[in-house]
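Chemist: Input query_35.txt, format and content: compact mmCIF, C-alpha atoms.
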# COMPACT_ATOMS: atom_id res chain seq x y z
CA MET A 1 -27.44 -4.72 181.11
CA ALA A 2 -23.89 -4.32 180.09
CA ARG A 3 -24.63 -2.59 176.85
CA SER A 4 -27.11 0.14 177.37
CA LYS A 5 -26.78 1.76 173.96
CA ARG A 6 -26.41 -0.47 170.94
CA GLU A 7 -24.50 1.39 168.27
CA ILE A 8 -25.41 0.95 164.63
CA GLN A 9 -22.48 -0.54 162.85
CA GLU A 10 -21.02 1.47 160.01
CA ILE A 11 -21.29 -0.15 156.60
CA ASN A 12 -17.91 -0.88 155.16
CA ALA A 13 -17.53 1.32 152.09
CA GLY A 14 -14.19 -0.12 151.08
CA SER A 15 -15.64 -2.14 148.22
CA MET A 16 -17.63 0.76 146.85
CA ALA A 17 -14.67 1.77 144.71
CA ASP A 18 -14.46 -1.69 143.23
CA ILE A 19 -18.12 -1.68 142.31
CA ALA A 20 -17.82 1.73 140.71
CA PHE A 21 -14.75 0.59 138.78
CA LEU A 22 -16.65 -2.40 137.50
CA LEU A 23 -19.47 -0.19 136.25
CA LEU A 24 -16.98 2.21 134.72
CA ILE A 25 -15.24 -0.55 132.82
CA PHE A 26 -18.57 -1.90 131.62
CA PHE A 27 -19.45 1.49 130.15
CA LEU A 28 -16.01 1.93 128.63
CA VAL A 29 -16.39 -1.33 126.77
CA THR A 30 -19.98 -1.06 125.58
CA THR A 31 -20.05 2.53 124.44
CA THR A 32 -18.43 4.56 121.70
CA MET A 33 -17.32 8.12 121.83
CA ASP A 34 -16.29 8.73 118.22
CA VAL A 35 -17.62 11.98 116.85
CA ASP A 36 -19.08 11.23 113.48
CA THR A 37 -18.03 13.64 110.80
CA GLY A 38 -18.46 13.42 107.10
CA LEU A 39 -19.36 15.03 103.82
CA MET A 40 -23.09 15.66 103.60
CA ARG A 41 -24.64 15.13 100.19
CA VAL A 42 -28.17 14.91 98.90
CA LEU A 43 -28.83 12.36 96.20
CA PRO A 44 -31.03 13.34 93.27
CA PRO A 45 -34.55 11.95 93.54
CA PRO A 46 -35.27 8.77 91.60
CA ILE A 47 -36.04 9.19 87.91
CA LEU A 48 -39.70 8.66 87.13
CA GLU A 49 -40.51 7.19 83.76
CA ASP A 50 -43.27 9.57 82.65
CA VAL A 51 -41.39 12.74 83.53
CA PRO A 52 -39.67 14.37 80.56
CA PRO A 53 -35.90 14.69 80.89
CA PRO A 54 -34.66 18.11 82.04
CA PRO A 55 -33.59 20.53 79.31
CA PRO A 56 -29.99 20.08 78.25
CA VAL A 57 -27.39 22.33 79.82
CA LYS A 58 -24.99 24.27 77.65
CA MET A 59 -21.57 22.69 77.67
CA ARG A 60 -19.82 25.93 78.56
CA ASN A 61 -21.72 26.01 81.86
CA VAL A 62 -20.53 22.58 82.86
CA PHE A 63 -17.26 21.85 84.59
CA VAL A 64 -16.60 18.26 83.68
CA VAL A 65 -14.62 16.04 86.02
CA LEU A 66 -13.95 12.48 84.91
CA ALA A 67 -12.20 9.81 86.96
CA ASN A 68 -11.25 6.49 85.42
CA SER A 69 -10.52 3.10 86.92
CA ALA A 70 -6.77 3.78 87.08
CA ASP A 71 -7.53 6.79 89.31
CA ASN A 72 -6.59 9.31 86.65
CA LEU A 73 -8.42 12.56 86.54
CA LEU A 74 -9.60 14.40 83.44
CA VAL A 75 -10.87 17.91 84.13
CA GLU A 76 -12.29 19.94 81.23
CA ASP A 77 -10.37 17.69 78.80
CA GLU A 78 -7.11 18.17 80.61
CA TYR A 79 -5.20 15.66 82.67
CA MET A 80 -4.96 16.90 86.24
CA GLN A 81 -3.74 15.98 89.70
CA VAL A 82 -6.41 15.92 92.36
CA GLU A 83 -4.60 18.59 94.42
CA ASP A 84 -4.99 21.08 91.58
CA LEU A 85 -8.70 20.46 91.18
CA LYS A 86 -9.70 22.97 93.86
CA ASP A 87 -8.08 25.94 92.13
CA ALA A 88 -9.42 24.96 88.72
CA ALA A 89 -12.93 24.57 90.13
CA LYS A 90 -12.67 27.87 91.97
CA GLU A 91 -11.63 29.70 88.81
CA PHE A 92 -14.61 28.19 87.02
CA ILE A 93 -17.13 28.93 89.77
CA ILE A 94 -16.07 32.58 90.00
CA GLY A 95 -15.96 32.85 86.21
CA GLN A 96 -15.60 36.12 84.36
CA PRO A 97 -18.82 38.11 84.70
CA ASN A 98 -17.27 41.07 82.85
CA ASN A 99 -16.16 39.02 79.90
CA PRO A 100 -19.20 37.06 78.72
CA GLY A 101 -17.59 36.19 75.42
CA ASN A 102 -15.08 33.83 77.00
CA GLU A 103 -16.31 30.33 76.20
CA ARG A 104 -14.15 28.73 78.87
CA PHE A 105 -16.27 30.15 81.66
CA PRO A 106 -19.98 29.77 82.39
CA GLU A 107 -22.72 32.20 81.40
CA PHE A 108 -24.19 34.68 83.83
CA LYS A 109 -27.71 35.85 84.42
CA VAL A 110 -29.33 38.58 86.48
CA SER A 111 -30.91 37.18 89.57
CA GLU A 112 -34.54 37.85 90.49
CA ASP A 113 -34.33 36.30 93.90
CA PRO A 114 -35.59 38.83 96.50
CA LEU A 115 -32.95 37.80 99.01
CA ILE A 116 -30.09 38.40 96.58
CA ILE A 117 -31.60 41.73 95.48
CA LYS A 118 -31.88 42.77 99.11
CA TYR A 119 -28.26 42.16 99.92
CA PHE A 120 -26.41 42.36 96.60
CA GLY A 121 -28.45 44.81 94.52
CA ALA A 122 -30.76 44.28 91.57
CA ASN A 123 -28.21 43.77 88.84
CA TYR A 124 -25.95 41.24 90.46
CA LEU A 125 -24.86 38.60 87.97
CA ILE A 126 -24.95 35.03 89.09
CA SER A 127 -23.17 32.25 87.34
CA LYS A 128 -24.97 29.34 85.72
CA GLN A 129 -22.17 27.01 86.76
CA ILE A 130 -22.65 23.28 87.24
CA VAL A 131 -19.99 20.78 88.19
CA SER A 132 -20.44 17.40 86.62
CA LEU A 133 -18.66 14.46 88.19
CA GLN A 134 -18.46 11.12 86.53
CA ASN A 135 -16.52 8.17 87.80
CA ASP A 136 -15.89 4.63 86.72
CA ARG A 137 -16.96 1.60 88.74
CA GLY A 138 -13.27 0.90 89.24
CA THR A 139 -12.38 4.32 90.65
CA SER A 140 -11.17 4.06 94.23
CA TYR A 141 -13.30 5.48 97.00
CA GLN A 142 -10.31 7.43 98.24
CA LEU A 143 -10.04 9.39 95.00
CA TYR A 144 -13.79 9.92 94.92
CA ILE A 145 -13.78 11.43 98.39
CA ALA A 146 -10.73 13.52 97.54
CA ILE A 147 -12.58 14.93 94.49
CA GLN A 148 -15.72 15.62 96.51
CA ASP A 149 -13.63 17.32 99.16
CA GLN A 150 -11.76 19.48 96.65
CA LEU A 151 -15.00 20.58 95.04
CA ALA A 152 -16.61 21.33 98.41
CA THR A 153 -13.54 23.33 99.45
CA ALA A 154 -13.68 25.28 96.18
CA TYR A 155 -17.31 26.21 96.79
CA SER A 156 -16.77 27.18 100.40
CA GLU A 157 -13.74 29.32 99.53
CA VAL A 158 -15.67 31.16 96.83
CA ARG A 159 -18.53 31.73 99.29
CA ASP A 160 -16.04 32.98 101.86
CA GLU A 161 -14.61 35.47 99.38
CA VAL A 162 -18.03 36.79 98.38
CA ALA A 163 -19.17 37.04 101.98
CA MET A 164 -15.92 38.77 102.94
CA ASN A 165 -16.28 41.35 100.15
CA GLN A 166 -19.93 42.05 100.83
CA PHE A 167 -20.31 41.68 104.58
CA GLY A 168 -16.77 41.58 105.94
CA LYS A 169 -17.34 38.19 107.48
CA LYS A 170 -16.63 34.67 106.37
CA TYR A 171 -19.54 32.55 105.14
CA LYS A 172 -19.11 30.08 107.96
CA GLU A 173 -19.23 32.84 110.57
CA LEU A 174 -22.44 34.15 109.05
CA LYS A 175 -24.00 30.71 108.96
CA GLU A 176 -23.12 29.85 112.53
CA SER A 177 -23.88 33.29 113.87
CA LYS A 178 -26.62 33.69 116.43
CA SER A 179 -28.12 36.70 114.73
CA LYS A 180 -31.02 36.22 112.30
CA VAL A 181 -29.69 38.87 109.93
CA ASP A 182 -26.39 37.06 109.58
CA ASN A 183 -28.16 33.78 108.88
CA GLU A 184 -30.16 35.50 106.17
CA LYS A 185 -26.97 36.90 104.70
CA ALA A 186 -25.53 33.39 104.66
CA LYS A 187 -28.64 32.22 102.84
CA ALA A 188 -28.19 34.94 100.24
CA VAL A 189 -24.58 33.89 99.70
CA ARG A 190 -25.72 30.30 99.38
CA LYS A 191 -28.27 31.31 96.75
CA LEU A 192 -25.65 33.33 94.93
CA ILE A 193 -23.25 30.40 94.71
CA PRO A 194 -25.31 27.25 94.87
CA GLN A 195 -23.32 24.08 95.27
CA ARG A 196 -24.29 22.24 92.12
CA ILE A 197 -22.44 18.98 91.88
CA SER A 198 -24.15 16.70 89.45
CA GLU A 199 -23.17 13.07 89.39
CA ALA A 200 -23.79 11.25 86.16
CA GLU A 201 -24.96 7.66 86.22
CA PRO A 202 -21.77 5.64 86.41
CA LYS A 203 -20.39 4.13 83.27
CA GLU A 204 -17.71 1.70 82.45
CA ILE A 205 -15.33 4.30 81.13
CA GLY A 206 -12.51 1.84 81.36
CA GLY A 207 -8.91 2.91 81.02
CA MET B 1 8.82 16.68 177.13
CA GLN B 2 5.52 15.21 177.92
CA ILE B 3 3.53 15.81 174.81
CA ARG B 4 5.35 13.45 172.44
CA LYS B 5 6.05 10.34 174.29
CA LYS B 6 7.05 7.80 171.71
CA GLY B 7 9.77 8.60 169.25
CA LYS B 8 8.36 6.85 166.18
CA LYS B 9 6.30 9.14 163.98
CA THR B 10 3.89 7.21 161.79
CA VAL B 11 2.44 8.73 158.63
CA PRO B 12 -1.33 8.37 158.77
CA PRO B 13 -2.66 6.15 155.95
CA VAL B 14 -4.05 7.95 152.93
CA SER B 15 -7.79 7.99 153.18
CA THR B 16 -9.43 6.10 150.35
CA ALA B 17 -12.89 7.15 151.33
CA SER B 18 -13.13 9.58 148.40
CA LEU B 19 -12.01 7.00 145.84
CA PRO B 20 -15.56 5.83 145.07
CA ASP B 21 -16.60 9.41 144.50
CA ILE B 22 -13.81 9.94 142.03
CA VAL B 23 -14.61 6.77 140.17
CA PHE B 24 -18.31 7.59 140.12
CA MET B 25 -17.47 10.96 138.65
CA LEU B 26 -15.54 9.25 135.87
CA LEU B 27 -18.39 6.83 135.38
CA PHE B 28 -20.95 9.59 134.98
CA PHE B 29 -18.66 11.43 132.59
CA PHE B 30 -18.46 8.37 130.35
CA MET B 31 -22.17 7.65 130.63
CA VAL B 32 -23.01 11.15 129.47
CA THR B 33 -20.47 11.58 126.69
CA THR B 34 -20.70 8.19 125.02
CA VAL B 35 -23.30 6.32 123.05
CA MET B 36 -24.11 2.63 123.30
CA ARG B 37 -22.57 0.50 120.60
CA GLU B 38 -25.41 -0.77 118.47
CA THR B 39 -23.79 -3.19 116.10
CA SER B 40 -20.70 -5.26 116.16
CA LEU B 41 -18.69 -4.68 113.05
CA LYS B 42 -18.17 -7.56 110.69
CA VAL B 43 -16.22 -5.53 108.16
CA THR B 44 -13.10 -3.48 108.61
CA HIS B 45 -12.82 0.00 107.34
CA VAL B 46 -10.26 2.72 107.30
CA ILE B 47 -12.24 5.92 106.90
CA PRO B 48 -10.86 8.43 104.39
CA LYS B 49 -9.87 11.95 105.39
CA ALA B 50 -11.27 15.22 104.12
CA LYS B 51 -11.19 18.93 104.94
CA GLU B 52 -14.75 20.13 104.42
CA VAL B 53 -16.41 17.89 106.96
CA ALA B 54 -19.59 18.55 108.88
CA LYS B 55 -20.54 17.03 112.19
CA LEU B 56 -23.37 14.53 112.30
CA GLU B 57 -25.89 15.74 114.82
CA ARG B 58 -28.53 13.60 116.51
CA LYS B 59 -27.23 10.09 116.33
CA SER B 60 -30.68 8.59 116.74
CA LEU B 61 -31.48 9.86 113.26
CA VAL B 62 -28.46 8.29 111.59
CA ALA B 63 -28.46 4.87 109.97
CA TYR B 64 -25.14 3.32 109.15
CA ILE B 65 -24.14 1.35 106.10
CA HIS B 66 -20.72 -0.22 106.41
CA ILE B 67 -18.73 -1.29 103.38
CA GLY B 68 -15.34 -2.92 103.55
CA PRO B 69 -13.47 -6.22 103.48
CA PRO B 70 -14.76 -8.77 106.05
CA LEU B 71 -12.91 -9.26 109.32
CA LYS B 72 -9.99 -11.69 109.30
CA PRO B 73 -11.82 -14.65 110.92
CA LEU B 74 -14.71 -14.29 108.50
CA GLN B 75 -12.58 -14.10 105.40
CA SER B 76 -12.50 -17.85 104.90
CA ILE B 77 -16.27 -17.83 104.41
CA MET B 78 -16.95 -14.40 102.98
CA GLY B 79 -13.81 -13.81 100.94
CA THR B 80 -11.67 -10.68 100.98
CA GLU B 81 -13.71 -8.55 98.59
CA PRO B 82 -15.50 -5.56 100.16
CA ARG B 83 -18.98 -6.41 101.43
CA ILE B 84 -21.94 -4.43 102.69
CA GLN B 85 -22.98 -4.70 106.32
CA LEU B 86 -26.43 -3.55 107.41
CA ASP B 87 -27.25 -3.76 111.10
CA ASP B 88 -25.53 -6.94 112.21
CA ALA B 89 -25.40 -8.95 109.03
CA PHE B 90 -23.81 -9.00 105.62
CA ALA B 91 -26.15 -7.85 102.88
CA MET B 92 -26.49 -7.47 99.16
CA PRO B 93 -27.30 -4.13 97.52
CA SER B 94 -30.83 -5.39 96.90
CA ASP B 95 -31.41 -5.65 100.68
CA ILE B 96 -31.04 -1.90 101.10
CA ALA B 97 -34.66 -1.14 100.22
CA THR B 98 -35.84 -3.36 103.10
CA PHE B 99 -33.26 -1.82 105.40
CA VAL B 100 -34.42 1.69 104.58
CA GLU B 101 -38.02 0.70 105.16
CA SER B 102 -37.23 -0.78 108.57
CA VAL B 103 -35.24 2.30 109.58
CA LYS B 104 -38.10 4.55 108.51
CA ALA B 105 -40.61 2.40 110.37
CA GLU B 106 -38.60 2.74 113.58
CA THR B 107 -38.42 6.50 113.33
CA ASN B 108 -40.99 9.03 114.37
CA GLU B 109 -42.92 9.97 111.24
CA ALA B 110 -42.21 13.67 111.57
CA GLU B 111 -38.50 12.98 111.68
CA VAL B 112 -38.27 10.67 108.68
CA PRO B 113 -37.14 13.47 106.33
CA LEU B 114 -34.27 14.19 108.72
CA LEU B 115 -32.89 10.66 108.54
CA THR B 116 -29.32 10.55 107.35
CA TYR B 117 -27.65 7.49 105.94
CA SER B 118 -24.00 7.43 106.85
CA LEU B 119 -21.79 5.49 104.48
CA LYS B 120 -18.77 4.15 106.29
CA VAL B 121 -16.64 2.92 103.46
CA ASP B 122 -13.09 1.62 103.43
CA VAL B 123 -10.67 3.77 101.43
CA LYS B 124 -9.53 0.87 99.26
CA THR B 125 -13.05 0.03 98.09
CA LYS B 126 -13.82 0.51 94.41
CA MET B 127 -16.66 2.84 93.53
CA GLY B 128 -18.73 0.06 91.89
CA ILE B 129 -20.22 -1.22 95.12
CA VAL B 130 -20.69 2.31 96.48
CA VAL B 131 -22.52 3.31 93.30
CA ASP B 132 -24.81 0.28 93.62
CA VAL B 133 -25.63 1.25 97.19
CA LYS B 134 -26.29 4.85 96.18
CA GLN B 135 -28.61 3.80 93.38
CA GLU B 136 -30.55 1.57 95.78
CA LEU B 137 -30.81 4.41 98.29
CA ARG B 138 -32.12 6.66 95.54
CA LYS B 139 -34.74 4.13 94.57
CA ALA B 140 -35.79 3.80 98.22
CA ASN B 141 -36.08 7.59 98.45
CA ALA B 142 -33.35 7.82 101.08
CA LEU B 143 -31.63 10.88 99.70
CA LYS B 144 -29.75 12.41 102.60
CA ILE B 145 -26.41 10.68 102.77
CA ASN B 146 -23.16 11.32 104.51
CA TYR B 147 -19.80 10.00 103.38
CA SER B 148 -18.14 9.34 106.68
CA THR B 149 -14.72 10.99 106.73
CA SER B 150 -12.44 12.13 109.46
CA LYS B 151 -11.14 15.67 109.48
CA ILE B 152 -7.62 16.48 108.37
CA ILE B 153 -6.03 18.74 110.90
CA ASP B 154 -4.41 21.20 108.60
CA LYS B 155 -2.22 23.80 110.19
CA ALA B 156 -2.29 26.07 107.17
CA THR B 157 -6.05 26.55 107.34
CA THR B 158 -6.29 27.02 111.08
CA LEU B 159 -3.91 29.98 111.07
Can the structure from this file be put into structure tokens for me?
Modeler:
Amino acid sequence: MARSKREIQEINAGSMADIAFLLLIFFLVTTTMDVDTGLMRVLPPPILEDVPPPPPVKMRNVFVVLANSADNLLVEDEYMQVEDLKDAAKEFIIGQPNNPGNERFPEFKVSEDPLIIKYFGANYLISKQIVSLQNDRGTSYQLYIAIQDQLATAYSEVRDEVAMNQFGKKYKELKESKSKVDNEKAKAVRKLIPQRISEAEPKEIGG
Amino acid sequence: MQIRKKGKKTVPPVSTASLPDIVFMLLFFFMVTTVMRETSLKVTHVIPKAKEVAKLERKSLVAYIHIGPPLKPLQSIMGTEPRIQLDDAFAMPSDIATFVESVKAETNEAEVPLLTYSLKVDVKTKMGIVVDVKQELRKANALKINYSTSKIIDKATTL
């Protein structure tokens, strides 16, 4: 026999790259990589007919934001630009706990929450603030999101300030911290300054 | 000089044997980091921007509601006014209850309270249609919503 040892032929791997490229391109086309971010909100539960309406809230505790169909903003009966909303809301949320007679700012009450007592003491005053947002059906979505964003920023900045004064850390650091104690502190801050954004049923305000 | 006989020095060809490995590496990277596209969009939307955004975790627990003007080729039939898209089809606000039910039915019962409804709405949309959608979601007891917004990269706040 001429050939005593038959060698196994090597498989040509030259086209392997092409196959892999084909797969790669398939995945590039059919998949998405966008990281979804957004403003999280919780809608109020549906109104049941036989449940009595909640007790009315005192007007001085409510920070009223109105947006009309021409994208104008009326905040506490004053015309305002959306960029200024954050500072106005912040001022309202902080309020003036030492000056309860001022009708411009919300009332305060002593908290009985055990978590707040644990971290802030028994006589810490918490604000009864509520932000009320009402928009027209003709308001643009852009303005609506800008308002929501400004209000959310106002709340998070107030929380940051409180957390910084009390614990020397920002609220976000506490919340994302690995330690249980820090998470509890974040919860206390959240209870101290609850994000209360109430959205009225939309009306045709017009304008 | 016996060692180098012939004068011409040829550069050996670059080995392409590792090319498949490189491409496979890329392939695996994309397979791991991306998610399969579930619907093809029939509406266009430019998502608004905001600062206080939160990341949406667990995409399997997110249902999308798209609102925006129909794509160019569909405008002759559907008009240019913003429309709602659920799954792969145009819908009316009254269809949302059925949509929510089907999403809930597909989800593990224990995870139903964690379901988030992401509203992807075009910036130029008027609030009327968004309000209708929100009211329908409320009626269907789908309360966790997310206004999809991209993050503004603000240098002043990152300092």
Chemist: I'd like the neighbourhood of range 28-34 of chain A as a compact mmCIF listing (two decimals) with C-alpha atoms, in the coordinates of the input, where a residue qualifies if any of its atoms comes within 8 Å (using only C-alpha atoms), though same-chain residues fewer than 6 positions away should be ignored.
Modeler:
# COMPACT_ATOMS: atom_id res chain seq x y z
CA PHE B 30 -18.46 8.37 130.35
CA THR B 33 -20.47 11.58 126.69
CA THR B 34 -20.70 8.19 125.02
CA VAL B 35 -23.30 6.32 123.05
CA MET B 36 -24.11 2.63 123.30
CA ARG B 37 -22.57 0.50 120.60
Chemist: Using CA of Lys128 in chain A and CA of Ile193 in chain A as the two end points, give the distance in Å to one decimal.
Modeler: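 Between these atoms lies a distance of 9.2 Å.
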Chemist: Pick from A:Gln9, A:Ser127, A:Gln134, A:Ser140: nearest to chain B, with only C-alpha atoms counted?
Modeler: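 Distance minimum relative to chain B lands on A:Ser140.
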Chemist: Give me, please, the distance in Å between CA of Lys170 in chain A and CA of Tyr155 in chain A, quoted to one decimal.
Modeler: 12.8 Å
Chemist: Using only C-alpha atoms, which residue out of A:Leu24, A:Tyr141, A:Thr37, A:Ala13 lies closest to Lys55 in chain B?
Modeler: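 Selected residue with least distance to Lys55 in chain B: A:Thr37.
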Chemist: Within 8 Å of chain B, which residues of chain A show up when using only C-alpha atoms, listed as a VMD selection string?
Modeler: chain A and resid 13 to 14 16 to 18 20 to 21 23 to 24 27 to 28 30 to 33 35 to 46 135 to 142 144 to 146 149 152 to 153 202
Chemist: By how many Å are CA of Ile117 in chain A and CA of Tyr171 in chain A apart?
Modeler: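 Value for the CA of Ile117 in chain A-CA of Tyr171 in chain A distance: 18.0 Å.
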Chemist: Got a sec: who's within 12 Å of Ser156 in chain A, counting only C-alpha atoms, leaving out chain neighbours fewer than 6 positions off, as a list in words?
Modeler: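 Selected residues are Lys86, Ala89, Lys90, Ile93, Ile94, Asp149, Gln150, Val162, Ala163, Met164, Lys170, Tyr171, Lys172, Glu173, Lys175, Ala186, Val189, Arg190, Ile193, Pro194 and Gln195 of chain A; Lys51, Glu52 and Val53 of chain B.
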Chemist: Determine, counting all atoms listed in the file, which protein, DNA and RNA residues have an atom within 9 Å of an atom of Ile116 in chain A; residues of the same chain fewer than 4 positions away are not included. Present the result as a PyMOL selection string.
Modeler: chain A and resi 111-112+120-122+124+185+187-189+191-192
Chemist: Find the spatial neighbours of Pro93 in chain B, counting all atoms listed in the file, within a cut-off of 6 Å - ignore same-chain residues fewer than 2 positions away - and output them as a ChimeraX atom specification.
Modeler: /B:95-96,133
Chemist: Could you write those residues out with C-alpha atoms, as a PDB file, keeping the file's coordinate frame?
Modeler:
ATOM      1  CA  ASP B  95     -31.410  -5.650 100.680  1.00  0.00           C
ATOM      2  CA  ILE B  96     -31.040  -1.900 101.100  1.00  0.00           C
ATOM      3  CA  VAL B 133     -25.630   1.250  97.190  1.00  0.00           C
TER       4      VAL B 133
END
Chemist: For a cutoff of 12 Å around the file-coordinate point (-18.0, 31.0, 77.1), which residues qualify once you count all atoms listed in the file? I'd like the result as a PyMOL selection string.
Modeler: chain A and resi 58-63+92+95-108+127-129
Chemist: May I have the residues from that selection written out with C-alpha atoms, as a PDB file, in the coordinates of the input?
Modeler:
ATOM      1  CA  LYS A  58     -24.990  24.270  77.650  1.00  0.00           C
ATOM      2  CA  MET A  59     -21.570  22.690  77.670  1.00  0.00           C
ATOM      3  CA  ARG A  60     -19.820  25.930  78.560  1.00  0.00           C
ATOM      4  CA  ASN A  61     -21.720  26.010  81.860  1.00  0.00           C
ATOM      5  CA  VAL A  62     -20.530  22.580  82.860  1.00  0.00           C
ATOM      6  CA  PHE A  63     -17.260  21.850  84.590  1.00  0.00           C
ATOM      7  CA  PHE A  92     -14.610  28.190  87.020  1.00  0.00           C
ATOM      8  CA  GLY A  95     -15.960  32.850  86.210  1.00  0.00           C
ATOM      9  CA  GLN A  96     -15.600  36.120  84.360  1.00  0.00           C
ATOM     10  CA  PRO A  97     -18.820  38.110  84.700  1.00  0.00           C
ATOM     11  CA  ASN A  98     -17.270  41.070  82.850  1.00  0.00           C
ATOM     12  CA  ASN A  99     -16.160  39.020  79.900  1.00  0.00           C
ATOM     13  CA  PRO A 100     -19.200  37.060  78.720  1.00  0.00           C
ATOM     14  CA  GLY A 101     -17.590  36.190  75.420  1.00  0.00           C
ATOM     15  CA  ASN A 102     -15.080  33.830  77.000  1.00  0.00           C
ATOM     16  CA  GLU A 103     -16.310  30.330  76.200  1.00  0.00           C
ATOM     17  CA  ARG A 104     -14.150  28.730  78.870  1.00  0.00           C
ATOM     18  CA  PHE A 105     -16.270  30.150  81.660  1.00  0.00           C
ATOM     19  CA  PRO A 106     -19.980  29.770  82.390  1.00  0.00           C
ATOM     20  CA  GLU A 107     -22.720  32.200  81.400  1.00  0.00           C
ATOM     21  CA  PHE A 108     -24.190  34.680  83.830  1.00  0.00           C
ATOM     22  CA  SER A 127     -23.170  32.250  87.340  1.00  0.00           C
ATOM     23  CA  LYS A 128     -24.970  29.340  85.720  1.00  0.00           C
ATOM     24  CA  GLN A 129     -22.170  27.010  86.760  1.00  0.00           C
TER      25      GLN A 129
END
Chemist: Excluding range 80-89 of chain B and any residue of its chain fewer than 2 positions from it, enumerate the residues within 7 Å of it, using all atoms listed in the file, and give them as a VMD selection string.
Modeler: chain B and resid 39 to 40 65 to 70 75 78 91 to 92 125
